[in-house]
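Source file protein-v4.pdb; content: PDB, C-alpha atoms and all ligand atoms.
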ATOM      1  CA  MET A   1      26.833 -22.484   9.768  1.00  0.00           C
ATOM      2  CA  THR A   2      26.978 -18.946  11.136  1.00  0.00           C
ATOM      3  CA  LEU A   3      25.068 -17.761   8.094  1.00  0.00           C
ATOM      4  CA  ASN A   4      22.381 -20.397   8.629  1.00  0.00           C
ATOM      5  CA  VAL A   5      21.930 -19.323  12.251  1.00  0.00           C
ATOM      6  CA  ALA A   6      21.752 -15.688  11.174  1.00  0.00           C
ATOM      7  CA  ASN A   7      19.104 -16.593   8.596  1.00  0.00           C
ATOM      8  CA  LEU A   8      17.103 -18.549  11.165  1.00  0.00           C
ATOM      9  CA  VAL A   9      17.228 -15.626  13.609  1.00  0.00           C
ATOM     10  CA  ARG A  10      16.195 -13.193  10.869  1.00  0.00           C
ATOM     11  CA  THR A  11      13.287 -15.421   9.841  1.00  0.00           C
ATOM     12  CA  ALA A  12      12.149 -15.761  13.465  1.00  0.00           C
ATOM     13  CA  ILE A  13      12.295 -11.978  13.972  1.00  0.00           C
ATOM     14  CA  ASN A  14      10.399 -11.358  10.711  1.00  0.00           C
ATOM     15  CA  GLN A  15       7.688 -13.869  11.526  1.00  0.00           C
ATOM     16  CA  SER A  16       7.170 -12.616  15.080  1.00  0.00           C
ATOM     17  CA  GLY A  17       7.227  -9.025  13.826  1.00  0.00           C
ATOM     18  CA  ASN A  18       4.624  -9.782  11.178  1.00  0.00           C
ATOM     19  CA  LEU A  19       2.345 -11.430  13.716  1.00  0.00           C
ATOM     20  CA  LEU A  20       2.683  -8.695  16.338  1.00  0.00           C
ATOM     21  CA  LEU A  21       2.958  -5.570  14.182  1.00  0.00           C
ATOM     22  CA  SER A  22       1.237  -6.296  10.834  1.00  0.00           C
ATOM     23  CA  PRO A  23      -2.341  -6.626   9.619  1.00  0.00           C
ATOM     24  CA  PRO A  24      -4.645  -8.345   9.922  1.00  0.00           C
ATOM     25  CA  VAL A  25      -3.989  -9.225  13.604  1.00  0.00           C
ATOM     26  CA  GLY A  26      -1.051  -7.047  14.710  1.00  0.00           C
ATOM     27  CA  GLY A  27      -0.586  -3.300  14.980  1.00  0.00           C
ATOM     28  CA  PHE A  28      -2.242  -2.846  18.403  1.00  0.00           C
ATOM     29  CA  GLY A  29      -5.633  -1.907  16.983  1.00  0.00           C
ATOM     30  CA  TYR A  30      -4.479   1.218  15.151  1.00  0.00           C
ATOM     31  CA  TYR A  31      -4.961  -0.168  11.638  1.00  0.00           C
ATOM     32  CA  ARG A  32      -8.074   0.214   9.515  1.00  0.00           C
ATOM     33  CA  ASN A  33      -8.009  -3.126   7.706  1.00  0.00           C
ATOM     34  CA  SER A  34     -11.427  -3.089   6.036  1.00  0.00           C
ATOM     35  CA  GLY A  35     -14.569  -1.097   5.423  1.00  0.00           C
ATOM     36  CA  PRO A  36     -18.171  -1.969   6.271  1.00  0.00           C
ATOM     37  CA  ARG A  37     -18.935  -5.676   5.812  1.00  0.00           C
ATOM     38  CA  THR A  38     -22.499  -4.844   4.868  1.00  0.00           C
ATOM     39  CA  GLU A  39     -21.831  -3.481   1.357  1.00  0.00           C
ATOM     40  CA  ARG A  40     -20.101  -5.120  -1.604  1.00  0.00           C
ATOM     41  CA  LYS A  41     -17.544  -2.332  -1.898  1.00  0.00           C
ATOM     42  CA  ILE A  42     -13.818  -3.079  -1.907  1.00  0.00           C
ATOM     43  CA  ALA A  43     -10.538  -1.213  -2.480  1.00  0.00           C
ATOM     44  CA  LEU A  44      -7.374  -2.086  -4.391  1.00  0.00           C
ATOM     45  CA  THR A  45      -4.193  -0.759  -2.788  1.00  0.00           C
ATOM     46  CA  PHE A  46      -0.638  -0.702  -4.110  1.00  0.00           C
ATOM     47  CA  ASP A  47       2.594  -0.173  -2.168  1.00  0.00           C
ATOM     48  CA  ASP A  48       6.221   0.686  -2.863  1.00  0.00           C
ATOM     49  CA  GLY A  49       5.937   2.609  -6.161  1.00  0.00           C
ATOM     50  CA  PRO A  50       5.876   4.474  -8.304  1.00  0.00           C
ATOM     51  CA  SER A  51       8.370   2.750 -10.585  1.00  0.00           C
ATOM     52  CA  LEU A  52       8.634   2.556 -14.348  1.00  0.00           C
ATOM     53  CA  PRO A  53       7.393   0.888 -16.409  1.00  0.00           C
ATOM     54  CA  CYS A  54       5.271  -1.060 -13.928  1.00  0.00           C
ATOM     55  CA  THR A  55       3.181   1.753 -12.427  1.00  0.00           C
ATOM     56  CA  GLU A  56       2.469   3.305 -15.799  1.00  0.00           C
ATOM     57  CA  GLU A  57       1.391  -0.063 -17.289  1.00  0.00           C
ATOM     58  CA  LEU A  58      -0.764  -0.878 -14.292  1.00  0.00           C
ATOM     59  CA  VAL A  59      -2.477   2.513 -14.240  1.00  0.00           C
ATOM     60  CA  ALA A  60      -3.189   2.293 -17.991  1.00  0.00           C
ATOM     61  CA  VAL A  61      -4.924  -1.064 -17.434  1.00  0.00           C
ATOM     62  CA  MET A  62      -6.877   0.292 -14.464  1.00  0.00           C
ATOM     63  CA  ASP A  63      -7.910   3.426 -16.335  1.00  0.00           C
ATOM     64  CA  ALA A  64      -9.149   1.283 -19.237  1.00  0.00           C
ATOM     65  CA  MET A  65     -11.320  -0.658 -16.740  1.00  0.00           C
ATOM     66  CA  ASN A  66     -12.358   2.571 -14.985  1.00  0.00           C
ATOM     67  CA  VAL A  67     -10.999   1.451 -11.592  1.00  0.00           C
ATOM     68  CA  LYS A  68      -9.362   3.868  -9.171  1.00  0.00           C
ATOM     69  CA  GLY A  69      -6.632   2.585  -6.899  1.00  0.00           C
ATOM     70  CA  THR A  70      -5.088   3.805  -3.658  1.00  0.00           C
ATOM     71  CA  PHE A  71      -1.307   4.020  -4.008  1.00  0.00           C
ATOM     72  CA  PHE A  72       0.920   4.138  -0.923  1.00  0.00           C
ATOM     73  CA  CYS A  73       3.954   5.811  -2.450  1.00  0.00           C
ATOM     74  CA  VAL A  74       7.519   5.914  -1.202  1.00  0.00           C
ATOM     75  CA  GLY A  75       8.763   9.523  -1.126  1.00  0.00           C
ATOM     76  CA  PHE A  76      12.031   8.598  -2.811  1.00  0.00           C
ATOM     77  CA  ASN A  77      10.136   6.926  -5.694  1.00  0.00           C
ATOM     78  CA  VAL A  78       7.788   9.927  -6.054  1.00  0.00           C
ATOM     79  CA  SER A  79      10.798  12.209  -6.425  1.00  0.00           C
ATOM     80  CA  CYS A  80      11.990   9.932  -9.285  1.00  0.00           C
ATOM     81  CA  HIS A  81       8.606  10.127 -11.063  1.00  0.00           C
ATOM     82  CA  PRO A  82       6.800  13.366 -10.171  1.00  0.00           C
ATOM     83  CA  ASP A  83       4.964  13.669 -13.506  1.00  0.00           C
ATOM     84  CA  LEU A  84       3.588  10.127 -13.320  1.00  0.00           C
ATOM     85  CA  THR A  85       2.481  10.670  -9.711  1.00  0.00           C
ATOM     86  CA  ARG A  86       0.740  13.920 -10.660  1.00  0.00           C
ATOM     87  CA  ARG A  87      -1.056  12.251 -13.595  1.00  0.00           C
ATOM     88  CA  MET A  88      -2.276   9.453 -11.313  1.00  0.00           C
ATOM     89  CA  PHE A  89      -3.586  12.007  -8.831  1.00  0.00           C
ATOM     90  CA  GLU A  90      -5.306  14.011 -11.574  1.00  0.00           C
ATOM     91  CA  LYS A  91      -7.032  10.875 -12.876  1.00  0.00           C
ATOM     92  CA  GLY A  92      -8.538  10.207  -9.445  1.00  0.00           C
ATOM     93  CA  HIS A  93      -6.191   7.573  -8.071  1.00  0.00           C
ATOM     94  CA  VAL A  94      -5.427   8.300  -4.413  1.00  0.00           C
ATOM     95  CA  ILE A  95      -1.857   9.014  -3.350  1.00  0.00           C
ATOM     96  CA  GLY A  96      -0.982   7.942   0.209  1.00  0.00           C
ATOM     97  CA  ASN A  97       2.263   8.124   2.173  1.00  0.00           C
ATOM     98  CA  HIS A  98       4.464   5.013   2.600  1.00  0.00           C
ATOM     99  CA  SER A  99       7.485   6.777   4.203  1.00  0.00           C
ATOM    100  CA  GLN A 100      10.483   8.402   2.563  1.00  0.00           C
ATOM    101  CA  PHE A 101      12.941   5.499   2.337  1.00  0.00           C
ATOM    102  CA  HIS A 102      10.893   2.413   3.345  1.00  0.00           C
ATOM    103  CA  ARG A 103      13.143   1.641   6.312  1.00  0.00           C
ATOM    104  CA  ARG A 104      11.956  -0.442   9.229  1.00  0.00           C
ATOM    105  CA  SER A 105      14.708   0.477  11.655  1.00  0.00           C
ATOM    106  CA  GLY A 106      14.219   3.499  13.865  1.00  0.00           C
ATOM    107  CA  SER A 107      10.698   4.322  12.792  1.00  0.00           C
ATOM    108  CA  LEU A 108       9.341   1.655  15.144  1.00  0.00           C
ATOM    109  CA  MET A 109      11.016   2.936  18.293  1.00  0.00           C
ATOM    110  CA  PRO A 110      10.127   5.615  20.841  1.00  0.00           C
ATOM    111  CA  GLY A 111      11.928   8.932  20.412  1.00  0.00           C
ATOM    112  CA  ASN A 112      12.034   8.899  16.617  1.00  0.00           C
ATOM    113  CA  ASP A 113      11.519  12.395  15.176  1.00  0.00           C
ATOM    114  CA  GLY A 114       9.098  11.227  12.453  1.00  0.00           C
ATOM    115  CA  SER A 115      11.219  12.692   9.648  1.00  0.00           C
ATOM    116  CA  HIS A 116      10.579   9.571   7.532  1.00  0.00           C
ATOM    117  CA  ILE A 117       6.875  10.538   7.584  1.00  0.00           C
ATOM    118  CA  ASP A 118       7.382  14.285   7.147  1.00  0.00           C
ATOM    119  CA  GLU A 119       9.931  14.092   4.349  1.00  0.00           C
ATOM    120  CA  SER A 120       7.720  11.844   2.213  1.00  0.00           C
ATOM    121  CA  GLU A 121       4.722  14.054   2.970  1.00  0.00           C
ATOM    122  CA  ARG A 122       6.699  17.098   1.786  1.00  0.00           C
ATOM    123  CA  VAL A 123       7.714  15.372  -1.481  1.00  0.00           C
ATOM    124  CA  ILE A 124       4.160  14.163  -2.230  1.00  0.00           C
ATOM    125  CA  THR A 125       2.604  17.511  -1.299  1.00  0.00           C
ATOM    126  CA  GLU A 126       4.965  19.382  -3.617  1.00  0.00           C
ATOM    127  CA  VAL A 127       4.033  17.087  -6.499  1.00  0.00           C
ATOM    128  CA  ILE A 128       0.238  16.831  -6.141  1.00  0.00           C
ATOM    129  CA  GLY A 129      -0.541  20.087  -4.328  1.00  0.00           C
ATOM    130  CA  SER A 130      -2.457  18.390  -1.505  1.00  0.00           C
ATOM    131  CA  ARG A 131      -1.304  16.924   1.761  1.00  0.00           C
ATOM    132  CA  PRO A 132      -1.842  13.136   2.022  1.00  0.00           C
ATOM    133  CA  ARG A 133      -3.781  11.913   5.049  1.00  0.00           C
ATOM    134  CA  LEU A 134      -3.490   8.156   4.497  1.00  0.00           C
ATOM    135  CA  TYR A 135      -0.392   6.319   5.717  1.00  0.00           C
ATOM    136  CA  ARG A 136       0.707   2.731   5.453  1.00  0.00           C
ATOM    137  CA  PRO A 137       3.863   1.911   7.412  1.00  0.00           C
ATOM    138  CA  PRO A 138       6.752   0.353   5.463  1.00  0.00           C
ATOM    139  CA  TRP A 139       6.791  -3.459   5.811  1.00  0.00           C
ATOM    140  CA  GLY A 140       3.341  -3.087   7.377  1.00  0.00           C
ATOM    141  CA  TRP A 141       5.008  -2.911  10.781  1.00  0.00           C
ATOM    142  CA  LEU A 142       3.389  -0.597  13.321  1.00  0.00           C
ATOM    143  CA  THR A 143       4.294   0.009  16.965  1.00  0.00           C
ATOM    144  CA  PRO A 144       2.268   2.115  19.421  1.00  0.00           C
ATOM    145  CA  TRP A 145       5.024   4.790  19.280  1.00  0.00           C
ATOM    146  CA  GLU A 146       4.838   5.050  15.512  1.00  0.00           C
ATOM    147  CA  ALA A 147       1.031   5.061  15.672  1.00  0.00           C
ATOM    148  CA  SER A 148       1.150   7.969  18.082  1.00  0.00           C
ATOM    149  CA  ARG A 149       3.456   9.945  15.737  1.00  0.00           C
ATOM    150  CA  LEU A 150       1.015   9.318  12.883  1.00  0.00           C
ATOM    151  CA  ILE A 151      -2.059  10.259  14.894  1.00  0.00           C
ATOM    152  CA  GLN A 152      -0.340  13.481  16.051  1.00  0.00           C
ATOM    153  CA  ARG A 153       0.125  14.270  12.359  1.00  0.00           C
ATOM    154  CA  ASP A 154      -3.541  13.574  11.639  1.00  0.00           C
ATOM    155  CA  TYR A 155      -2.963  10.436   9.540  1.00  0.00           C
ATOM    156  CA  HIS A 156      -5.331   7.520   9.061  1.00  0.00           C
ATOM    157  CA  ILE A 157      -3.336   4.284   9.291  1.00  0.00           C
ATOM    158  CA  ILE A 158      -4.418   1.870   6.582  1.00  0.00           C
ATOM    159  CA  GLY A 159      -3.782  -1.881   6.609  1.00  0.00           C
ATOM    160  CA  TRP A 160      -5.403  -4.664   4.569  1.00  0.00           C
ATOM    161  CA  ASP A 161      -7.346  -7.886   4.981  1.00  0.00           C
ATOM    162  CA  VAL A 162      -6.477  -9.523   1.650  1.00  0.00           C
ATOM    163  CA  TYR A 163      -2.783 -10.213   1.241  1.00  0.00           C
ATOM    164  CA  THR A 164      -0.989 -11.227  -1.961  1.00  0.00           C
ATOM    165  CA  LEU A 165       2.532 -12.463  -2.581  1.00  0.00           C
ATOM    166  CA  ASP A 166       3.139 -10.272  -5.615  1.00  0.00           C
ATOM    167  CA  TRP A 167       6.265  -8.853  -3.939  1.00  0.00           C
ATOM    168  CA  VAL A 168       8.042 -12.242  -4.085  1.00  0.00           C
ATOM    169  CA  MET A 169      10.777 -12.514  -6.710  1.00  0.00           C
ATOM    170  CA  PRO A 170      10.310 -14.081  -9.157  1.00  0.00           C
ATOM    171  CA  ALA A 171       6.637 -13.152  -8.985  1.00  0.00           C
ATOM    172  CA  PRO A 172       3.971 -15.877  -8.731  1.00  0.00           C
ATOM    173  CA  ASP A 173       1.571 -16.311 -11.654  1.00  0.00           C
ATOM    174  CA  GLY A 174      -0.752 -13.305 -11.814  1.00  0.00           C
ATOM    175  CA  VAL A 175      -3.922 -15.261 -12.563  1.00  0.00           C
ATOM    176  CA  LEU A 176      -3.324 -17.688  -9.677  1.00  0.00           C
ATOM    177  CA  MET A 177      -2.632 -14.747  -7.329  1.00  0.00           C
ATOM    178  CA  ALA A 178      -5.819 -13.071  -8.493  1.00  0.00           C
ATOM    179  CA  GLU A 179      -7.869 -16.227  -7.950  1.00  0.00           C
ATOM    180  CA  LYS A 180      -6.574 -16.617  -4.386  1.00  0.00           C
ATOM    181  CA  ALA A 181      -7.243 -12.936  -3.643  1.00  0.00           C
ATOM    182  CA  ARG A 182     -10.740 -13.286  -5.140  1.00  0.00           C
ATOM    183  CA  ARG A 183     -11.529 -16.205  -2.809  1.00  0.00           C
ATOM    184  CA  ASP A 184     -10.236 -14.208   0.202  1.00  0.00           C
ATOM    185  CA  THR A 185     -12.250 -11.080  -0.644  1.00  0.00           C
ATOM    186  CA  ARG A 186     -15.313 -10.182   1.435  1.00  0.00           C
ATOM    187  CA  PRO A 187     -17.536  -7.102   1.449  1.00  0.00           C
ATOM    188  CA  GLY A 188     -15.418  -4.173   2.674  1.00  0.00           C
ATOM    189  CA  SER A 189     -12.069  -5.809   1.859  1.00  0.00           C
ATOM    190  CA  ILE A 190      -8.859  -3.863   1.296  1.00  0.00           C
ATOM    191  CA  LEU A 191      -6.577  -5.794  -1.062  1.00  0.00           C
ATOM    192  CA  LEU A 192      -2.775  -5.417  -0.991  1.00  0.00           C
ATOM    193  CA  PHE A 193      -0.638  -5.411  -4.142  1.00  0.00           C
ATOM    194  CA  HIS A 194       2.641  -3.726  -5.116  1.00  0.00           C
ATOM    195  CA  ASP A 195       3.212  -1.447  -8.116  1.00  0.00           C
ATOM    196  CA  GLY A 196       6.965  -1.215  -7.714  1.00  0.00           C
ATOM    197  CA  VAL A 197       9.895  -1.797  -5.444  1.00  0.00           C
ATOM    198  CA  SER A 198      10.860   0.816  -2.883  1.00  0.00           C
ATOM    199  CA  MET A 199      14.005   2.794  -3.692  1.00  0.00           C
ATOM    200  CA  GLN A 200      13.980   1.444  -7.274  1.00  0.00           C
ATOM    201  CA  SER A 201      13.160   3.922  -9.982  1.00  0.00           C
ATOM    202  CA  GLN A 202      12.825   1.234 -12.678  1.00  0.00           C
ATOM    203  CA  TRP A 203      10.956  -2.026 -12.200  1.00  0.00           C
ATOM    204  CA  GLU A 204       8.764  -4.474 -14.084  1.00  0.00           C
ATOM    205  CA  LYS A 205       5.746  -6.151 -12.441  1.00  0.00           C
ATOM    206  CA  ARG A 206       3.818  -7.817 -15.245  1.00  0.00           C
ATOM    207  CA  GLU A 207       2.222 -10.440 -12.968  1.00  0.00           C
ATOM    208  CA  THR A 208       0.659  -7.758 -10.763  1.00  0.00           C
ATOM    209  CA  THR A 209      -0.831  -6.067 -13.820  1.00  0.00           C
ATOM    210  CA  ARG A 210      -2.098  -9.474 -15.040  1.00  0.00           C
ATOM    211  CA  ALA A 211      -3.597 -10.127 -11.612  1.00  0.00           C
ATOM    212  CA  ILE A 212      -5.474  -6.826 -11.680  1.00  0.00           C
ATOM    213  CA  SER A 213      -6.722  -7.433 -15.247  1.00  0.00           C
ATOM    214  CA  HIS A 214      -8.114 -10.747 -14.017  1.00  0.00           C
ATOM    215  CA  ILE A 215      -9.525  -9.856 -10.610  1.00  0.00           C
ATOM    216  CA  VAL A 216     -11.468  -6.724 -11.562  1.00  0.00           C
ATOM    217  CA  PRO A 217     -13.915  -8.366 -14.000  1.00  0.00           C
ATOM    218  CA  ALA A 218     -14.086 -11.496 -11.809  1.00  0.00           C
ATOM    219  CA  LEU A 219     -15.154  -9.574  -8.710  1.00  0.00           C
ATOM    220  CA  ARG A 220     -17.438  -7.229 -10.635  1.00  0.00           C
ATOM    221  CA  ALA A 221     -19.222 -10.358 -11.872  1.00  0.00           C
ATOM    222  CA  GLU A 222     -19.811 -11.210  -8.182  1.00  0.00           C
ATOM    223  CA  GLY A 223     -21.433  -7.824  -7.649  1.00  0.00           C
ATOM    224  CA  TYR A 224     -18.465  -6.003  -6.114  1.00  0.00           C
ATOM    225  CA  GLU A 225     -17.795  -2.322  -6.729  1.00  0.00           C
ATOM    226  CA  PHE A 226     -14.237  -0.986  -6.655  1.00  0.00           C
ATOM    227  CA  VAL A 227     -13.758   2.237  -4.700  1.00  0.00           C
ATOM    228  CA  THR A 228     -10.776   4.060  -3.205  1.00  0.00           C
ATOM    229  CA  VAL A 229      -9.830   3.609   0.451  1.00  0.00           C
ATOM    230  CA  PRO A 230     -11.132   7.066   1.477  1.00  0.00           C
ATOM    231  CA  GLU A 231     -14.452   6.262  -0.234  1.00  0.00           C
ATOM    232  CA  LEU A 232     -14.601   2.849   1.435  1.00  0.00           C
ATOM    233  CA  LEU A 233     -13.876   4.238   4.905  1.00  0.00           C
ATOM    234  CA  ASN A 234     -15.627   7.586   4.413  1.00  0.00           C
ATOM    235  CA  ILE A 235     -12.533   9.561   5.390  1.00  0.00           C
ATOM    236  CA  PRO A 236     -10.680  12.396   3.618  1.00  0.00           C
ATOM    237  CA  ALA A 237      -7.782  11.463   1.320  1.00  0.00           C
ATOM    238  CA  TYR A 238      -6.081  14.841   1.632  1.00  0.00           C
ATOM    239  CA  SER A 239      -6.061  18.080   3.492  1.00  0.00           C
ATOM    240  CA  PRO A 240      -5.266  21.485   2.038  1.00  0.00           C
ATOM    241  CA  ILE A 241      -1.701  22.733   2.342  1.00  0.00           C
TER     242      ILE A 241
HETATM  243 ZN    ZN B 301       6.098  -1.364   1.402  1.00  0.00          ZN
END
Using structure tokens, write down the structure from this file.
Ligand SMILES: [Zn+2]
Amino acid sequence: MTLNVANLVRTAINQSGNLLLSPPVGGFGYYRNSGPRTERKIALTFDDGPSLPCTEELVAVMDAMNVKGTFFCVGFNVSCHPDLTRRMFEKGHVIGNHSQFHRRSGSLMPGNDGSHIDESERVITEVIGSRPRLYRPPWGWLTPWEASRLIQRDYHIIGWDVYTLDWVMPAPDGVLMAEKARRDTRPGSILLFHDGVSMQSQWEKRETTRAISHIVPALRAEGYEFVTVPELLNIPAYSPI
């Protein structure tokens, strides 16, 4: 009984948090959730990696289709796979910051020192030689205090307007996920997927890779062009060290 109550409370907190703090509605107006609605340009984004083999498999499929993604990487995961991260960067995929340890606690409150942002930035910068300027908060939760820490550090805060459930375990069918995401996509959309699991060096995400293999030709057939988030929003991806 106690466990059930605890689960109910946790669910209520998660749902209210998502509504208040997450895209597409929450986040107090600090998120960029889409690009211009006037052009058929869209961006694929991936959170929580890199992990192996999933990120490597996904990137191979994307490279074969000549699509560049925007990857919001967890600092811990980057330190597990520096060579993979560097190869992605060199091929033109964009590397953004998704915090060092993907923790929700603390980073939302006033008075936090921002070390979860800075530590991940340091790890990514060491690996790719450029300082990331795109940030997506872990869990997609953003408070005004965290937004102010990010703005002070010159970050663009990136959300999404097309959400997928590819993080659920076991993963939903990739083709069905892709079809739902395709129906939700509009000009300027930023689509959310996951290429790993935070704090896990090894992971498999075949359904996400299947979803991407399916959605790219399907949306191209509708006249959409895939670009990176900085291209979509006309903002810099990096700044020099
Ligand atoms: Zn995440």
Cut-off 10 Å around (-12.5, 1.2, -8.7) with all atoms listed in the file: residues as number ranges by chain: A: 41-44, 62-63, 65-70, 92-93, 216, 220, 224-229
Polymer residues at most 12 Å from A:Glu126, only C-alpha atoms, same-chain spacing of 5 or more positions, as a VMD selection string: chain A and resid 75 78 to 79 82 to 83 85 to 86 119 to 121 131 to 132 240 to 241
12 Å contact set for A:Gly26, only C-alpha atoms, chain neighbours under 3 positions out, as a VMD selection string: chain A and resid 15 to 23 29 to 33 140 to 144 159 to 161
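Taking atom CA of A:Ala211 as the reference point, atom CA of A:Ala178 is found at 4.8 Å.
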To test your reading of the syntax: which residues would the PyMOL selection byres (((not hetatm)) within 10 of (chain B and resi 301)) return for the file shown? Reply as a compact mmCIF listing (two decimals) with C-alpha atoms, in the coordinates of the input.
# COMPACT_ATOMS: atom_id res chain seq x y z
CA PHE A 46 -0.64 -0.70 -4.11
CA ASP A 47 2.59 -0.17 -2.17
CA ASP A 48 6.22 0.69 -2.86
CA GLY A 49 5.94 2.61 -6.16
CA PHE A 72 0.92 4.14 -0.92
CA CYS A 73 3.95 5.81 -2.45
CA VAL A 74 7.52 5.91 -1.20
CA HIS A 98 4.46 5.01 2.60
CA SER A 99 7.48 6.78 4.20
CA PHE A 101 12.94 5.50 2.34
CA HIS A 102 10.89 2.41 3.34
CA ARG A 103 13.14 1.64 6.31
CA ARG A 104 11.96 -0.44 9.23
CA ARG A 136 0.71 2.73 5.45
CA PRO A 137 3.86 1.91 7.41
CA PRO A 138 6.75 0.35 5.46
CA TRP A 139 6.79 -3.46 5.81
CA GLY A 140 3.34 -3.09 7.38
CA TRP A 141 5.01 -2.91 10.78
CA TRP A 167 6.26 -8.85 -3.94
CA PHE A 193 -0.64 -5.41 -4.14
CA HIS A 194 2.64 -3.73 -5.12
CA ASP A 195 3.21 -1.45 -8.12
CA GLY A 196 6.96 -1.22 -7.71
CA VAL A 197 9.90 -1.80 -5.44
CA SER A 198 10.86 0.82 -2.88
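In this structure, atom CA of A:Glu146 sits 6.5 Å away from atom CA of A:Ser107.
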Å distance separating atom CA of A:Phe89 from atom CA of A:Ile124, one decimal place: 10.4 Å
Build an axis-aligned box that encloses every atom of stretch 129-148 of chain A listed in the file, pad it by 3 Å on each side, and report its centre and edge lengths in Å to one decimal, as JSON.
{"center_x": 1.5, "center_y": 8.3, "center_z": 7.5, "size_x": 16.6, "size_y": 29.5, "size_z": 29.7}
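Using all atoms listed in the file, the nearest neighbour of A:Gly96 within the list A:Arg10, A:His156, A:Arg206, A:Lys180 is A:His156.
Using only C-alpha atoms for every distance, the candidate list A:Phe76, A:Pro217, A:His81, A:Thr164 yields A:Phe76 as the residue closest to A:Arg122.
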